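In what follows, a single structure is set out as structure tokens and then discussed.
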Amino acid sequence: MPHPEWSKIAEKHEALVSQIASIIAEAHALADSIPVVLARYATAFGDRLVKLQALEIEAARCKREIELLQSAINQGGHWDYANIQEKLDAEFHEWQEKLDREAKQFQHQQGLLHHLLDAETARVLRDRFRVLARRLHPDLHPQQTPAEEELWHRVTAAYEQQNLEELDAIEVITREQSQEDLPRSVDAMSESVRRLEMKLQTLLTNLSHRRKSWPLDQLALLDSPEATAEKQKELEERMAALTLLRDQRRSYLDQLLAR
């Protein structure tokens with residue numbers, strides 16, 4: 001018969017192990033959700049952000065063209081407009097390349113929404129991963145054998161590849177080995193609980209930081225149709241203002257060229 005104090009600590013140990021396994025699974029699910037969040041962000045704002053940046057480049061280029069043209073006019077004599085355009089092309093080459101990369105990236109991210117798992121399969125994957133994390137994760141089993149380490153690598157690879165059959169196979173392999181070899185003394189069990197509490201706090205802190213980092217910090221925005229619409233309206237207003245500024249600069253350029 002176990003010591004009453006040991007049994008009490010063992011219950012706490014069990015609760016901590018379960019909580020840690022769940023947080024580990026949640027952290028992996030959160031990491032895996034990043035492409036989905038990026039796809040949603042690109043779908044909601046990508047086209048507007050690309051158009052906005054294109055307008056910023058056009059307005060900046062117009063301003064720079066005015067500067068170069070005005071300088072050439074002030075110096076008098078003959079000036080070559082083609083040379084001015086070549087200079088502008090060189091100065092704005094990196095800006096344009098960056099815009100092209102971002103446009104392609106947004107387009108790629110938007111396409112990811114067509115390749116999502118159905119909700120039930122995603123739930124089963126997460127549940128299976130949580131069970132296997134409890135059985136094999138190094139944080140819960142610091143004295144792993146090489147065979148157990150290899151199984152954990154297989155688990156993470158299968159989860160990343162959304163390979164439910166592989167996870168099911170590993171679950172069967174580890175089912176009979178899933179009984180934990182708990183410390184038998186009260187002091188040893190207390191130390192194990194202390195270690196798990198520290199690990200739990202670290203995992204919770206890391207999870208909190210991850211939720212606050214890009215792009216996961218955009219979930220509140222994306223989950224609110226009103227906030228999304230407000231952001232889209234803000235981008236469109238900035239586009240309208242930049243369009244006006246660009247057109248004003250183009251009009252002034254036309255006046256300079258007509259001299």
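Order determines the names: the first chain of the structure tokens is A, the second B, and so forth; residues in each chain are numbered 1 upward, and ligands are numbered 1 upward as they are shown.
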
So that each row is one residue of range 32-60 of chain A with an atom at most 12 Å from range 8-27 of chain A, can you give its shortest atom pair and the distance in Å to one decimal, using only C-alpha atoms, rows by chain and rising number, as JSON lines?
{"residue": "A:Asp32", "atom": "CA", "partner": "A:Ala27", "partner_atom": "CA", "distance": 8.6}
{"residue": "A:Ser33", "atom": "CA", "partner": "A:Ala27", "partner_atom": "CA", "distance": 9.8}
{"residue": "A:Ile34", "atom": "CA", "partner": "A:Ala27", "partner_atom": "CA", "distance": 11.2}

Distance query Leu235 in chain A at most 12 Å, only C-alpha atoms, self and fewer than 5 positions along chain excluded, as a PyMOL selection string: chain A and resi 44-53+55+228-230+240-242

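Excluding Leu69 in chain A itself and any same-chain residue fewer than 4 positions from it, the protein and nucleic acid residues within 8 Å of it, counting only C-alpha atoms, are A:Glu65, A:Ile73, A:Tyr81, A:Ile84, A:Leu256.
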
With a cut-off of 10 Å, could you pull out the residues of range 105-144 of chain A touching range 148-167 of chain A and give me the nearest pair of atoms for each, distance in Å to one decimal, using only C-alpha atoms, ordered by chain and ascending number, as CSV?
residue,atom,partner,partner_atom,distance
A:Leu117,CA,A:Gln162,CA,8.7
A:Thr121,CA,A:Leu164,CA,8.4
A:Ala122,CA,A:Gln162,CA,8.4
A:Val124,CA,A:Leu164,CA,8.1
A:Leu125,CA,A:Leu164,CA,6.2
A:Arg126,CA,A:Tyr159,CA,8.3
A:Arg128,CA,A:Leu167,CA,6.7
A:Phe129,CA,A:Tyr159,CA,7.0
A:Val131,CA,A:Leu167,CA,10.0
A:Leu132,CA,A:Val155,CA,7.4
A:Ala133,CA,A:Trp152,CA,7.9
A:Arg135,CA,A:Trp152,CA,9.0
A:Leu136,CA,A:Trp152,CA,5.7
A:His137,CA,A:Trp152,CA,6.6
A:Pro138,CA,A:Glu149,CA,7.7
A:His141,CA,A:Glu148,CA,9.3
A:Gln143,CA,A:Glu148,CA,9.6
A:Gln144,CA,A:Glu148,CA,5.8

Can you tell me which residues surround Asp247 in chain A at a distance of at most 12 Å, considering only C-alpha atoms, apart from same-chain residues fewer than 6 positions away, and format the answer as a list in words? Leu55, Glu56, Glu58, Ala59, Ala60, Arg61, Cys62, Lys63, Ala240, Ala241, Leu253 and Asp254 of chain A

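Near range 217-221 of chain A, within 10 Å and counting only C-alpha atoms, sit Val37, Leu38, Arg40, Tyr41, His209, Arg210, Arg211, Lys212, Ser213, Trp214, Ser224, Pro225, Glu226, Ala227, Thr228, Ala229, Glu230 and Lys231 of chain A, not including residues fewer than 3 positions from it in the same chain.
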
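CA of Pro183 in chain A to CA of Glu171 in chain A spans 24.5 Å [interatomic distance, one decimal].
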
Secondary structure check, alpha helix (DSSP H) residues of range 167-233 of chain A, as a PDB file with C-alpha atoms, in the first residue's frame:
ATOM      1  CA  LEU A 167       0.763   8.209 -35.675  1.00  0.00           C
ATOM      2  CA  ASP A 168      -1.736   5.389 -35.236  1.00  0.00           C
ATOM      3  CA  ALA A 169       1.018   2.823 -35.766  1.00  0.00           C
ATOM      4  CA  ILE A 170       3.281   4.452 -33.173  1.00  0.00           C
ATOM      5  CA  GLU A 171       0.366   4.670 -30.738  1.00  0.00           C
ATOM      6  CA  VAL A 172      -0.082   0.886 -31.015  1.00  0.00           C
ATOM      7  CA  ILE A 173       3.662   0.293 -30.620  1.00  0.00           C
ATOM      8  CA  THR A 174       3.843   2.393 -27.445  1.00  0.00           C
ATOM      9  CA  ARG A 175       0.515   1.421 -25.899  1.00  0.00           C
ATOM     10  CA  VAL A 186       7.921  10.719  -1.265  1.00  0.00           C
ATOM     11  CA  ASP A 187      11.022  12.887  -1.622  1.00  0.00           C
ATOM     12  CA  ALA A 188      11.772  11.635  -5.131  1.00  0.00           C
ATOM     13  CA  MET A 189       8.154  12.082  -6.182  1.00  0.00           C
ATOM     14  CA  SER A 190       8.141  15.626  -4.738  1.00  0.00           C
ATOM     15  CA  GLU A 191      11.274  16.458  -6.718  1.00  0.00           C
ATOM     16  CA  SER A 192       9.691  15.101  -9.892  1.00  0.00           C
ATOM     17  CA  VAL A 193       6.622  17.266  -9.270  1.00  0.00           C
ATOM     18  CA  ARG A 194       8.835  20.329  -8.718  1.00  0.00           C
ATOM     19  CA  ARG A 195      10.623  19.652 -12.013  1.00  0.00           C
ATOM     20  CA  LEU A 196       7.320  19.274 -13.844  1.00  0.00           C
ATOM     21  CA  GLU A 197       5.973  22.509 -12.342  1.00  0.00           C
ATOM     22  CA  MET A 198       9.018  24.399 -13.600  1.00  0.00           C
ATOM     23  CA  LYS A 199       8.659  22.836 -17.050  1.00  0.00           C
ATOM     24  CA  LEU A 200       4.953  23.694 -17.095  1.00  0.00           C
ATOM     25  CA  GLN A 201       5.673  27.342 -16.291  1.00  0.00           C
ATOM     26  CA  THR A 202       8.298  27.525 -19.031  1.00  0.00           C
ATOM     27  CA  LEU A 203       5.925  26.013 -21.566  1.00  0.00           C
ATOM     28  CA  LEU A 204       3.102  28.380 -20.583  1.00  0.00           C
ATOM     29  CA  THR A 205       5.409  31.396 -20.882  1.00  0.00           C
ATOM     30  CA  ASN A 206       6.662  30.283 -24.301  1.00  0.00           C
ATOM     31  CA  LEU A 207       3.113  29.623 -25.465  1.00  0.00           C
ATOM     32  CA  SER A 208       2.005  33.079 -24.336  1.00  0.00           C
ATOM     33  CA  HIS A 209       4.910  34.717 -26.171  1.00  0.00           C
ATOM     34  CA  ARG A 210       4.161  32.744 -29.320  1.00  0.00           C
ATOM     35  CA  ARG A 211       0.518  33.820 -29.306  1.00  0.00           C
ATOM     36  CA  LEU A 219      -5.911  36.315 -35.008  1.00  0.00           C
ATOM     37  CA  ALA A 220      -8.076  38.716 -33.007  1.00  0.00           C
ATOM     38  CA  LEU A 221      -8.229  40.975 -36.070  1.00  0.00           C
ATOM     39  CA  LEU A 222      -8.970  38.125 -38.469  1.00  0.00           C
ATOM     40  CA  PRO A 225     -15.446  40.635 -39.341  1.00  0.00           C
ATOM     41  CA  GLU A 226     -15.932  44.193 -38.068  1.00  0.00           C
ATOM     42  CA  ALA A 227     -12.233  44.682 -37.300  1.00  0.00           C
ATOM     43  CA  THR A 228     -11.239  43.123 -40.631  1.00  0.00           C
ATOM     44  CA  ALA A 229     -13.593  45.437 -42.517  1.00  0.00           C
ATOM     45  CA  GLU A 230     -12.245  48.439 -40.595  1.00  0.00           C
ATOM     46  CA  LYS A 231      -8.663  47.488 -41.474  1.00  0.00           C
ATOM     47  CA  GLN A 232      -9.602  47.065 -45.138  1.00  0.00           C
ATOM     48  CA  LYS A 233     -11.275  50.479 -45.099  1.00  0.00           C
TER      49      LYS A 233
END
